[in-house]
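*Asks:* My structure is stored as model_14.csv, with CSV, C-alpha atoms and all ligand atoms.
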chain,number,residue,atom,x,y,z
Q,1,MET,CA,88.8,116.9,62.5
Q,2,ASN,CA,92.5,116.7,63.2
Q,3,GLU,CA,94.9,114.1,61.9
Q,4,PHE,CA,94.5,111.7,64.8
Q,5,GLU,CA,90.7,112.1,65.0
Q,6,LEU,CA,90.6,111.2,61.3
Q,7,ILE,CA,92.8,108.1,61.8
Q,8,ASP,CA,90.7,107.1,64.9
Q,9,ARG,CA,87.4,107.6,63.1
Q,10,PHE,CA,88.1,106.0,59.7
Q,11,PHE,CA,91.1,103.7,60.0
Q,12,THR,CA,91.1,102.3,63.5
Q,13,ARG,CA,89.2,99.1,63.4
Q,14,ALA,CA,88.9,96.2,65.9
Q,15,VAL,CA,91.5,93.5,65.3
Q,16,PRO,CA,89.6,90.2,64.8
Q,17,ALA,CA,90.1,87.5,67.4
Q,18,GLY,CA,92.8,85.0,66.2
Q,19,SER,CA,94.5,87.6,64.0
Q,20,SER,CA,98.3,87.5,63.9
Q,21,VAL,CA,98.2,91.3,64.4
Q,22,HIS,CA,99.6,91.7,67.9
Q,23,GLN,CA,99.5,95.6,67.7
Q,24,GLY,CA,97.5,97.3,65.1
Q,25,VAL,CA,96.8,101.0,64.2
Q,26,GLY,CA,97.9,103.5,66.9
Q,27,ASP,CA,101.5,102.8,67.6
Q,28,ASP,CA,104.9,103.6,66.0
Q,29,CYS,CA,105.0,100.1,64.5
Q,30,ALA,CA,102.5,97.4,63.8
Q,31,LEU,CA,103.6,94.2,65.5
Q,32,LEU,CA,102.8,90.8,63.9
Q,33,ASP,CA,103.1,87.4,65.5
Q,34,CYS,CA,105.7,85.2,63.9
Q,35,GLY,CA,106.2,82.4,66.4
Q,36,GLU,CA,109.0,83.3,68.9
Q,37,ARG,CA,109.5,86.7,67.2
Q,38,LEU,CA,107.4,89.7,66.4
Q,39,LEU,CA,107.7,91.4,63.0
Q,40,ALA,CA,107.6,95.2,63.3
Q,41,VAL,CA,106.3,97.2,60.3
Q,42,THR,CA,106.1,100.9,59.8
Q,43,THR,CA,105.4,103.3,56.9
Q,44,ASP,CA,106.3,107.0,56.5
Q,45,LEU,CA,105.6,109.2,53.5
Q,46,LEU,CA,107.7,112.3,52.6
Q,47,LEU,CA,106.0,114.7,50.3
Q,48,GLU,CA,107.7,117.6,48.5
Q,49,GLY,CA,106.2,120.9,49.6
Q,50,ARG,CA,105.0,119.4,52.9
Q,51,HIS,CA,107.8,117.5,54.5
Q,52,PHE,CA,110.7,119.1,52.5
Q,53,PRO,CA,111.0,122.1,50.2
Q,54,PRO,CA,111.5,121.7,46.5
Q,55,GLY,CA,115.2,121.5,45.5
Q,56,VAL,CA,116.3,119.9,48.8
Q,57,ASP,CA,119.7,118.1,48.7
Q,58,PRO,CA,118.9,114.5,47.4
Q,59,LEU,CA,121.7,113.0,49.5
Q,60,SER,CA,120.1,114.0,52.7
Q,61,LEU,CA,116.6,113.3,51.4
Q,62,GLY,CA,117.6,109.7,50.8
Q,63,HIS,CA,119.0,109.4,54.3
Q,64,LYS,CA,115.9,111.0,55.9
Q,65,ALA,CA,113.4,108.9,54.0
Q,66,LEU,CA,114.8,105.8,55.6
Q,67,ALA,CA,115.9,107.4,58.9
Q,68,VAL,CA,112.3,108.5,59.9
Q,69,ASN,CA,111.2,104.9,59.5
Q,70,LEU,CA,114.1,103.4,61.4
Q,71,SER,CA,113.2,105.8,64.1
Q,72,ASP,CA,109.8,104.2,64.4
Q,73,LEU,CA,111.5,100.7,64.6
Q,74,ALA,CA,113.7,102.1,67.3
Q,75,ALA,CA,110.6,103.1,69.4
Q,76,ALA,CA,109.4,99.6,69.2
Q,77,GLY,CA,112.8,98.2,70.0
Q,78,ALA,CA,113.0,96.3,66.7
Q,79,THR,CA,116.2,95.4,64.8
Q,80,PRO,CA,115.9,96.7,61.2
Q,81,ARG,CA,115.9,93.9,58.6
Q,82,ALA,CA,114.5,95.2,55.3
Q,83,PHE,CA,112.6,98.0,53.6
Q,84,GLN,CA,110.4,98.7,50.6
Q,85,LEU,CA,110.7,102.0,48.6
Q,86,ALA,CA,107.8,103.5,46.7
Q,87,LEU,CA,108.7,106.6,44.6
Q,88,ALA,CA,106.7,109.0,42.5
Q,89,LEU,CA,109.3,111.1,40.5
Q,90,PRO,CA,108.7,114.1,38.3
Q,91,ARG,CA,111.5,112.9,36.0
Q,92,ALA,CA,114.3,110.4,35.7
Q,93,ASP,CA,117.2,112.6,36.7
Q,94,GLU,CA,120.4,110.5,36.8
Q,95,SER,CA,122.5,112.8,39.1
Q,96,TRP,CA,119.5,113.3,41.5
Q,97,LEU,CA,119.0,109.5,41.7
Q,98,GLN,CA,122.7,108.9,42.3
Q,99,ALA,CA,122.8,111.2,45.2
Q,100,PHE,CA,119.4,110.0,46.6
Q,101,CYS,CA,120.7,106.4,46.6
Q,102,GLY,CA,124.0,107.5,48.2
Q,103,GLY,CA,122.2,108.9,51.2
Q,104,LEU,CA,119.6,106.1,51.3
Q,105,PHE,CA,122.0,103.1,51.0
Q,106,ALA,CA,124.7,104.5,53.4
Q,107,LEU,CA,122.1,104.5,56.2
Q,108,ALA,CA,120.6,101.2,55.1
Q,109,ASP,CA,124.0,99.5,55.0
Q,110,GLU,CA,124.9,101.0,58.4
Q,111,HIS,CA,121.9,99.2,59.9
Q,112,GLY,CA,122.0,96.0,57.8
Q,113,CYS,CA,118.6,97.0,56.4
Q,114,VAL,CA,118.1,95.5,52.9
Q,115,LEU,CA,116.0,97.1,50.1
Q,116,ALA,CA,113.7,94.3,49.3
Q,117,GLY,CA,111.1,95.8,46.9
Q,118,GLY,CA,109.0,98.9,46.1
Q,119,ASP,CA,107.3,100.7,43.3
Q,120,THR,CA,108.3,103.4,40.9
Q,121,THR,CA,106.1,105.8,39.0
Q,122,ARG,CA,106.1,109.2,37.4
Q,123,THR,CA,104.1,112.1,38.8
Q,124,PRO,CA,101.4,113.6,36.7
Q,125,ARG,CA,101.4,117.1,35.3
Q,126,LEU,CA,99.7,119.4,37.9
Q,127,ALA,CA,96.1,120.4,37.1
Q,128,GLY,CA,95.8,123.8,35.5
Q,129,GLU,CA,99.5,123.8,34.6
Q,130,GLU,CA,99.1,122.3,31.1
Q,131,ALA,CA,101.0,125.2,29.5
Q,132,SER,CA,104.0,124.7,31.8
Q,133,SER,CA,106.1,121.6,32.4
Q,134,ALA,CA,105.3,121.7,36.2
Q,135,GLU,CA,105.0,118.2,37.5
Q,136,GLY,CA,104.8,117.2,41.0
Q,137,PRO,CA,105.1,116.7,43.8
Q,138,LEU,CA,108.0,114.3,44.4
Q,139,THR,CA,106.7,111.6,46.8
Q,140,ILE,CA,108.8,109.1,48.7
Q,141,CYS,CA,107.2,106.3,50.8
Q,142,VAL,CA,109.3,103.9,52.8
Q,143,THR,CA,108.0,100.8,54.6
Q,144,ALA,CA,110.5,99.4,57.1
Q,145,LEU,CA,110.5,95.9,58.6
Q,146,GLY,CA,112.3,94.8,61.8
Q,147,ASP,CA,111.9,92.1,64.4
Q,148,LEU,CA,112.2,91.5,68.1
Q,149,PRO,CA,111.7,88.7,70.6
Q,150,ARG,CA,108.0,88.3,71.5
Q,151,GLN,CA,108.6,88.9,75.2
Q,152,ALA,CA,110.3,92.3,74.4
Q,153,ALA,CA,107.2,93.8,72.9
Q,154,ARG,CA,107.0,97.5,73.7
Q,155,THR,CA,104.3,100.0,72.7
Q,156,ARG,CA,103.1,103.4,73.7
Q,157,ALA,CA,100.7,101.8,76.2
Q,158,GLY,CA,102.9,100.4,78.9
Q,159,ALA,CA,103.7,103.6,81.0
Q,160,ARG,CA,102.8,103.3,84.7
Q,161,ALA,CA,102.3,106.1,87.3
Q,162,GLY,CA,105.6,106.3,89.2
Q,163,ASP,CA,107.8,105.6,86.1
Q,164,ASP,CA,110.5,108.1,85.2
Q,165,LEU,CA,110.3,109.9,81.9
Q,166,TRP,CA,113.4,110.0,79.7
Q,167,VAL,CA,114.4,111.4,76.4
Q,168,SER,CA,117.5,110.7,74.2
Q,169,GLY,CA,119.9,113.3,72.6
Q,170,ALA,CA,118.7,116.9,72.5
Q,171,LEU,CA,115.5,118.6,71.4
Q,172,GLY,CA,114.4,121.6,69.3
Q,173,GLU,CA,117.2,122.0,66.8
Q,174,ALA,CA,115.3,120.9,63.7
Q,175,ARG,CA,112.6,123.4,64.6
Q,176,ALA,CA,115.3,126.0,65.0
Q,177,ALA,CA,116.4,125.3,61.4
Q,178,LEU,CA,112.9,126.1,60.2
Q,179,ALA,CA,112.9,129.3,62.2
Q,180,CYS,CA,116.2,130.3,60.5
Q,181,ARG,CA,114.7,129.7,57.1
Q,182,SER,CA,111.5,131.7,57.8
Q,183,GLY,CA,113.5,134.6,59.3
Q,184,GLU,CA,112.0,134.1,62.7
Q,185,VAL,CA,115.6,133.8,64.0
Q,186,ARG,CA,118.0,136.4,62.8
Q,187,SER,CA,121.1,137.1,64.8
Q,188,LEU,CA,122.8,133.7,64.7
Q,189,SER,CA,126.3,132.5,63.8
Q,190,ALA,CA,126.8,130.6,60.5
Q,191,GLU,CA,128.0,127.6,62.6
Q,192,ASP,CA,124.8,127.5,64.7
Q,193,ALA,CA,122.6,127.8,61.7
Q,194,ALA,CA,124.5,125.0,60.0
Q,195,ALA,CA,124.2,122.8,63.1
Q,196,PHE,CA,120.4,123.3,63.2
Q,197,GLN,CA,120.1,122.5,59.5
Q,198,ARG,CA,122.2,119.3,60.0
Q,199,ARG,CA,119.7,118.2,62.6
Q,200,MET,CA,116.8,118.8,60.2
Q,201,ASP,CA,118.5,117.1,57.2
Q,202,TRP,CA,120.3,114.2,58.9
Q,203,PRO,CA,118.2,112.8,61.7
Q,204,GLN,CA,120.0,109.9,63.5
Q,205,PRO,CA,117.5,107.1,64.3
Q,206,ARG,CA,118.2,105.8,67.8
Q,207,VAL,CA,118.1,102.1,66.8
Q,208,ALA,CA,120.8,100.8,69.1
Q,209,LEU,CA,119.3,102.6,72.1
Q,210,GLY,CA,115.8,101.3,71.2
Q,211,VAL,CA,117.2,97.7,71.2
Q,212,ALA,CA,119.2,98.2,74.4
Q,213,LEU,CA,116.1,99.4,76.2
Q,214,ARG,CA,114.3,96.1,75.5
Q,215,GLY,CA,112.9,94.9,78.9
Q,216,VAL,CA,113.9,98.2,80.5
Q,217,ALA,CA,111.6,100.8,79.0
Q,218,THR,CA,107.9,100.3,79.8
Q,219,ALA,CA,106.7,102.5,76.9
Q,220,ALA,CA,108.4,104.5,74.1
Q,221,ILE,CA,107.6,106.7,71.1
Q,222,ASP,CA,109.9,108.6,68.7
Q,223,VAL,CA,109.6,112.4,68.9
Q,224,SER,CA,108.5,113.4,65.4
Q,225,ASP,CA,105.7,115.9,66.0
Q,226,GLY,CA,107.0,117.7,69.1
Q,227,LEU,CA,107.8,116.4,72.7
Q,228,LEU,CA,104.5,117.4,74.3
Q,229,GLY,CA,102.3,116.1,71.5
Q,230,ASP,CA,104.1,112.8,71.3
Q,231,LEU,CA,104.2,112.5,75.1
Q,232,GLY,CA,100.4,113.0,74.8
Q,233,HIS,CA,100.2,109.8,72.7
Q,234,ILE,CA,101.9,107.8,75.4
Q,235,LEU,CA,99.7,109.3,78.1
Q,236,LYS,CA,96.5,108.6,76.2
Q,237,ARG,CA,97.4,105.1,75.3
Q,238,SER,CA,98.8,104.3,78.8
Q,239,ARG,CA,95.9,106.1,80.6
Q,240,VAL,CA,98.4,108.1,82.8
Q,241,GLY,CA,99.5,111.7,83.3
Q,242,ALA,CA,103.0,113.3,83.4
Q,243,VAL,CA,105.0,116.1,84.9
Q,244,VAL,CA,107.9,117.4,82.7
Q,245,GLU,CA,110.6,119.5,84.4
Q,246,TRP,CA,111.5,122.2,81.9
Q,247,GLU,CA,115.0,122.7,83.3
Q,248,ARG,CA,115.9,119.1,82.6
Q,249,LEU,CA,115.1,119.1,78.9
Q,250,PRO,CA,118.3,118.4,76.9
Q,251,ARG,CA,119.2,121.5,74.8
Q,252,SER,CA,122.4,121.9,72.7
Q,253,GLU,CA,124.8,124.8,73.3
Q,254,ALA,CA,123.6,126.3,70.0
Q,255,LEU,CA,119.9,126.1,71.1
Q,256,ARG,CA,120.8,127.8,74.4
Q,257,ARG,CA,122.1,130.8,72.5
Q,258,LEU,CA,118.5,131.5,71.2
Q,259,PRO,CA,116.0,133.6,73.2
Q,260,LEU,CA,114.5,131.6,76.1
Q,261,ASP,CA,111.0,131.7,74.7
Q,262,MET,CA,112.2,130.1,71.5
Q,263,GLN,CA,114.2,127.5,73.5
Q,264,ARG,CA,111.0,126.5,75.3
Q,265,ARG,CA,108.8,126.5,72.2
Q,266,PHE,CA,111.3,124.6,70.0
Q,267,SER,CA,112.3,121.9,72.6
Q,268,LEU,CA,108.7,121.3,74.0
Q,269,ALA,CA,106.8,121.5,70.7
Q,270,GLY,CA,109.3,121.7,67.8
Q,271,GLY,CA,109.1,118.4,65.9
Q,272,ASP,CA,111.4,116.5,63.6
Q,273,ASP,CA,113.7,115.6,66.5
Q,274,TYR,CA,113.6,111.8,66.0
Q,275,GLU,CA,114.7,111.3,69.6
Q,276,LEU,CA,113.3,108.5,71.7
Q,277,LEU,CA,110.9,109.5,74.5
Q,278,PHE,CA,110.5,106.6,76.9
Q,279,THR,CA,109.3,105.6,80.4
Q,280,ALA,CA,111.0,103.2,82.9
Q,281,ALA,CA,110.6,102.3,86.5
Q,282,PRO,CA,112.9,104.2,88.9
Q,283,ALA,CA,114.5,100.8,89.8
Q,284,GLN,CA,115.8,100.7,86.2
Q,285,ARG,CA,117.8,103.9,86.4
Q,286,VAL,CA,121.1,102.0,86.3
Q,287,ALA,CA,119.9,99.8,83.4
Q,288,VAL,CA,118.8,102.9,81.4
Q,289,GLU,CA,122.2,104.5,81.9
Q,290,ALA,CA,123.8,101.2,80.9
Q,291,ALA,CA,121.7,101.1,77.7
Q,292,SER,CA,122.7,104.7,77.0
Q,293,ALA,CA,126.4,103.9,77.5
Q,294,ALA,CA,126.2,100.7,75.4
Q,295,SER,CA,124.5,102.6,72.5
Q,296,VAL,CA,126.6,105.8,72.9
Q,297,VAL,CA,123.5,107.9,73.0
Q,298,PRO,CA,123.0,110.3,75.9
Q,299,VAL,CA,119.7,110.2,77.8
Q,300,SER,CA,118.1,112.7,80.2
Q,301,ARG,CA,115.6,112.1,82.9
Q,302,ILE,CA,113.0,114.9,82.3
Q,303,GLY,CA,110.2,114.1,84.6
Q,304,ARG,CA,107.8,111.4,85.9
Q,305,VAL,CA,104.6,109.6,85.1
Q,306,VAL,CA,101.7,110.4,87.4
Q,307,ALA,CA,98.0,109.4,87.6
Q,308,ALA,CA,95.8,110.2,84.6
Q,309,GLY,CA,93.7,112.7,86.6
Q,310,GLU,CA,96.8,115.0,86.9
Q,311,GLY,CA,97.0,115.4,83.1
Q,312,LEU,CA,100.2,116.7,81.5
Q,313,ARG,CA,102.0,119.5,83.3
Q,314,VAL,CA,105.3,121.3,82.6
Q,315,ILE,CA,107.0,122.9,85.6
Q,316,ASP,CA,109.8,125.4,85.9
Q,317,ALA,CA,112.9,125.3,88.1
Q,318,ASP,CA,110.8,126.4,91.1
Q,319,GLY,CA,108.2,123.8,90.5
Q,320,ALA,CA,105.7,126.4,89.3
Q,321,PRO,CA,103.5,125.3,86.3
Q,322,MET,CA,104.5,126.8,82.9
Q,323,ALA,CA,102.0,127.8,80.2
Q,324,THR,CA,102.5,125.7,77.1
Q,325,PRO,CA,100.1,127.2,74.6
Q,326,TRP,CA,101.7,125.5,71.5
Q,327,ARG,CA,100.2,122.7,69.5
Q,328,SER,CA,102.3,119.9,68.1
Q,329,PHE,CA,102.3,119.3,64.4
Q,330,ASP,CA,99.0,118.2,62.8
Q,331,HIS,CA,98.6,117.8,59.1
Q,332,PHE,CA,94.9,118.7,59.3
Q,333,ALA,CA,94.9,121.5,61.9
Q,334,ALA,CA,92.8,124.5,60.8
Q,401,LIG,P1,104.3,107.9,63.5
Q,401,LIG,O1,104.5,109.4,63.7
Q,401,LIG,O2,104.9,107.1,64.6
Q,401,LIG,O3,104.7,107.5,62.1
Q,401,LIG,P2,101.6,108.6,62.9
Q,401,LIG,O4,101.3,109.7,63.9
Q,401,LIG,O5,101.9,108.9,61.5
Q,401,LIG,O6,102.7,107.6,63.6
Q,401,LIG,O7,100.3,107.6,62.9
Q,401,LIG,C1,99.7,107.2,64.1
Q,401,LIG,C2,99.2,105.8,63.9
Q,401,LIG,O8,98.2,105.8,62.9
Q,401,LIG,C3,100.2,104.8,63.5
Q,401,LIG,O9,99.9,103.6,64.1
Q,401,LIG,C4,100.0,104.7,62.0
Q,401,LIG,O10,100.4,103.4,61.5
Q,401,LIG,C5,98.5,104.8,61.9
Q,401,LIG,N1,98.0,105.4,60.6
Q,401,LIG,C6,98.2,106.6,60.1
Q,401,LIG,N2,97.6,106.7,58.9
Q,401,LIG,C7,96.9,105.6,58.7
Q,401,LIG,C8,96.1,105.1,57.7
Q,401,LIG,N3,95.8,105.8,56.6
Q,401,LIG,N4,95.6,103.8,57.8
Q,401,LIG,C9,95.9,103.1,58.8
Q,401,LIG,N5,96.7,103.5,59.8
Q,401,LIG,C10,97.2,104.7,59.8
Q,402,MG,MG,106.7,107.4,65.5
Could you write out this file's structure as structure tokens?
Ligand code: ADP
Ligand code: MG
*Replies:*
Amino acid sequence: MNEFELIDRFFTRAVPAGSSVHQGVGDDCALLDCGERLLAVTTDLLLEGRHFPPGVDPLSLGHKALAVNLSDLAAAGATPRAFQLALALPRADESWLQAFCGGLFALADEHGCVLAGGDTTRTPRLAGEEASSAEGPLTICVTALGDLPRQAARTRAGARAGDDLWVSGALGEARAALACRSGEVRSLSAEDAAAFQRRMDWPQPRVALGVALRGVATAAIDVSDGLLGDLGHILKRSRVGAVVEWERLPRSEALRRLPLDMQRRFSLAGGDDYELLFTAAPAQRVAVEAASAASVVPVSRIGRVVAAGEGLRVIDADGAPMATPWRSFDHFAA
């Protein structure tokens, strides 16, 4: 049972008729009816040892804990309003807390997103570690709330055959940072390695672009688990297929200095990109470019939406199908 089968089987229930839940489990945000507006709600958990290594810089950790949630609001096209913060801390370390709050509140203030509540607790001593002082793992859970006009509702389910497929920014660099850490990538300049690490530690949620694409994009998701896997969620929910043109995938200069097989694997299936992947009718190309210019976030047209029967294909510059044997990230994969 993988992560999504588990959620489908145990936590995806029919929304009762008359409920104010407009969009329930299965999208980047839940959407709740509030009269003329929809309230968008999303939760993301960061766990030491799974989402970040022990000893990571608390300044960037504070930023990232909120950024990954604002990225889900961006997918829904919601304006951030408030967030809740639940923490399980091994100890009350003043300098750690100072730095964590520095990163957290700088991003919150930039987006006018107000900390409105939460919960704080201490982590227990790990089982079998009574003799040591090992306590863990540090756990950070943020729930972010935003809103949008009811008629601007956007989910993963609205893509139509014939739509263009777009992605913001550039892909694959956070995955390249992991590869540097594991030794998978060796001959690399210090500048390139630092650029990759920045993309891993300081994701920039595409909030302004997400809002600017209201009424323009037919479907959207933020790329957190890898482009192909997250595109798969749009295709499944929208009951369509897609063709991705490998040559059109946005890759930074630094990523282009890696071997071609790594460029492919990292940009198609890397994860932790926090870019917006979205679909829009070809008639909206000028509107998409205008949204990109207004939000100062570059976008690339990387393919098109096709009928469901065609599945998901990646093609090279000559139009030949490319093998894509990589899985996107799954917490419960064998
Ligand atoms: P995202 O990557 O956008 O945060 P996820 O892949 O984590 O989304 O989750 C997929 C969907 O499943 C989301 O709608 C999320 O809210 C929902 N979900 C995940 N875990 C649970 C759970 N334990 N109970 C209810 N819904 C869940
Ligand atoms: Mg998401």
*Asks:* Can you tell me, as a ChimeraX atom specification, what residues are no more than 12 Å from Gln98 of chain Q when counting only C-alpha atoms, ignoring any on the same chain fewer than 2 positions away?
*Replies:* /Q:57-62,92-96,100-105
*Asks:* May I ask you to write as a list in words all residues lying at most 6 Å from ligand MG 402 (chain Q), with all atoms listed in the file counted?
*Replies:*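 Written in the requested form, the residues are Asp28, Asp72, Ile221 and Asp222 of chain Q.
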*Asks:* Selected residues, C-alpha atoms, written as a compact mmCIF listing (two decimals), keeping the file's coordinate frame, please.
*Replies:*
# COMPACT_ATOMS: atom_id res chain seq x y z
CA ASP Q 28 104.90 103.60 66.00
CA ASP Q 72 109.80 104.20 64.40
CA ILE Q 221 107.60 106.70 71.10
CA ASP Q 222 109.90 108.60 68.70
*Asks:* For segment 224-233 of chain Q, please output as a tab-separated table (two decimals) with C-alpha atoms, in the frame of the given file all residues within 7 Å (counting only C-alpha atoms; exclusion window: fewer than 5 positions along the same chain).
*Replies:*
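The new file out.tsv reads:
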chain	number	residue	atom	x	y	z
Q	268	LEU	CA	108.70	121.30	74.00
Q	269	ALA	CA	106.80	121.50	70.70
Q	270	GLY	CA	109.30	121.70	67.80
Q	271	GLY	CA	109.10	118.40	65.90
Q	272	ASP	CA	111.40	116.50	63.60
Q	273	ASP	CA	113.70	115.60	66.50
Q	274	TYR	CA	113.60	111.80	66.00
Q	328	SER	CA	102.30	119.90	68.10
Q	329	PHE	CA	102.30	119.30	64.40
*Asks:* Would you please work out which residue, of Q:Ala159, Q:Leu188, Q:Ala75, Q:Val21, is nearest to ligand LIG 401 (chain Q) when using only C-alpha atoms and all ligand atoms?
*Replies:*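 Of the candidates, the smallest distance to ligand LIG 401 (chain Q) is held by Q:Ala75.
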*Asks:* Neighbouring residues of ligand LIG 401 (chain Q) are defined here as those with any atom at most 9 Å from a ligand atom, counting all atoms listed in the file; list them as a ChimeraX atom specification.
*Replies:* /Q:3-4,6-8,10-12,23-30,41-45,68-69,71-72,75,221-225,230,233,330
*Asks:* Measure the distance from atom CA of Ala281 of chain Q to atom CA of Gly215 of chain Q in Å and round it to one decimal.
*Replies:*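 Interatomic distance here is 10.9 Å.
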*Asks:* Please compute the atom CA of Leu260 of chain Q-atom CA of Ser300 of chain Q distance, one decimal, in Å.
*Replies:*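 Atom CA of Leu260 of chain Q sits 19.7 Å away from atom CA of Ser300 of chain Q.
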*Asks:* Write out as a PyMOL selection string the residues lying within 12 Å of Thr279 of chain Q, counting only C-alpha atoms and excluding same-chain residues fewer than 2 positions away.
*Replies:* chain Q and resi 75+154-168+213-221+231+234-235+238+240-242+276-277+281-285+288+299-306
*Asks:* Could you state the separation of atom CA of Arg37 of chain Q and atom CA of Ala65 of chain Q in Å, given to one decimal place?
*Replies:* 26.1 Å
*Asks:* What's the 8 Å shell around Gln197 of chain Q, counting all atoms listed in the file, without same-chain residues fewer than 6 positions away, as number ranges by chain?
*Replies:* Q: 173-174, 177
*Asks:* So which one's closest to Arg175 of chain Q, Q:Leu97, Q:Leu115, Q:Leu258, Q:Ala67? Using all atoms listed in the file, please.
*Replies:*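 Looking at the shortest contact to Arg175 of chain Q, the residue is Q:Leu258.
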*Asks:* When you look at segment 143-148 of chain Q with a cut-off of 6 Å (counting only C-alpha atoms), what residues show up, excluding the ones that are within fewer than 4 positions of it in the same chain? I need them as a PyMOL selection string.
*Replies:* chain Q and resi 37-43+78-84
*Asks:* With all atoms listed in the file as the basis for distance, which of Q:Val211, Q:Val296, Q:Leu47, Q:Ala291 is at the shortest distance from Cys141 of chain Q?
*Replies:* Q:Leu47
*Asks:* For Arg50 of chain Q, which residue out of Q:Ala179, Q:Val297, Q:Ile140, Q:Leu249 is the nearest one, using only C-alpha atoms?
*Replies:*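 Under the stated criterion, the closest residue is Q:Ile140.
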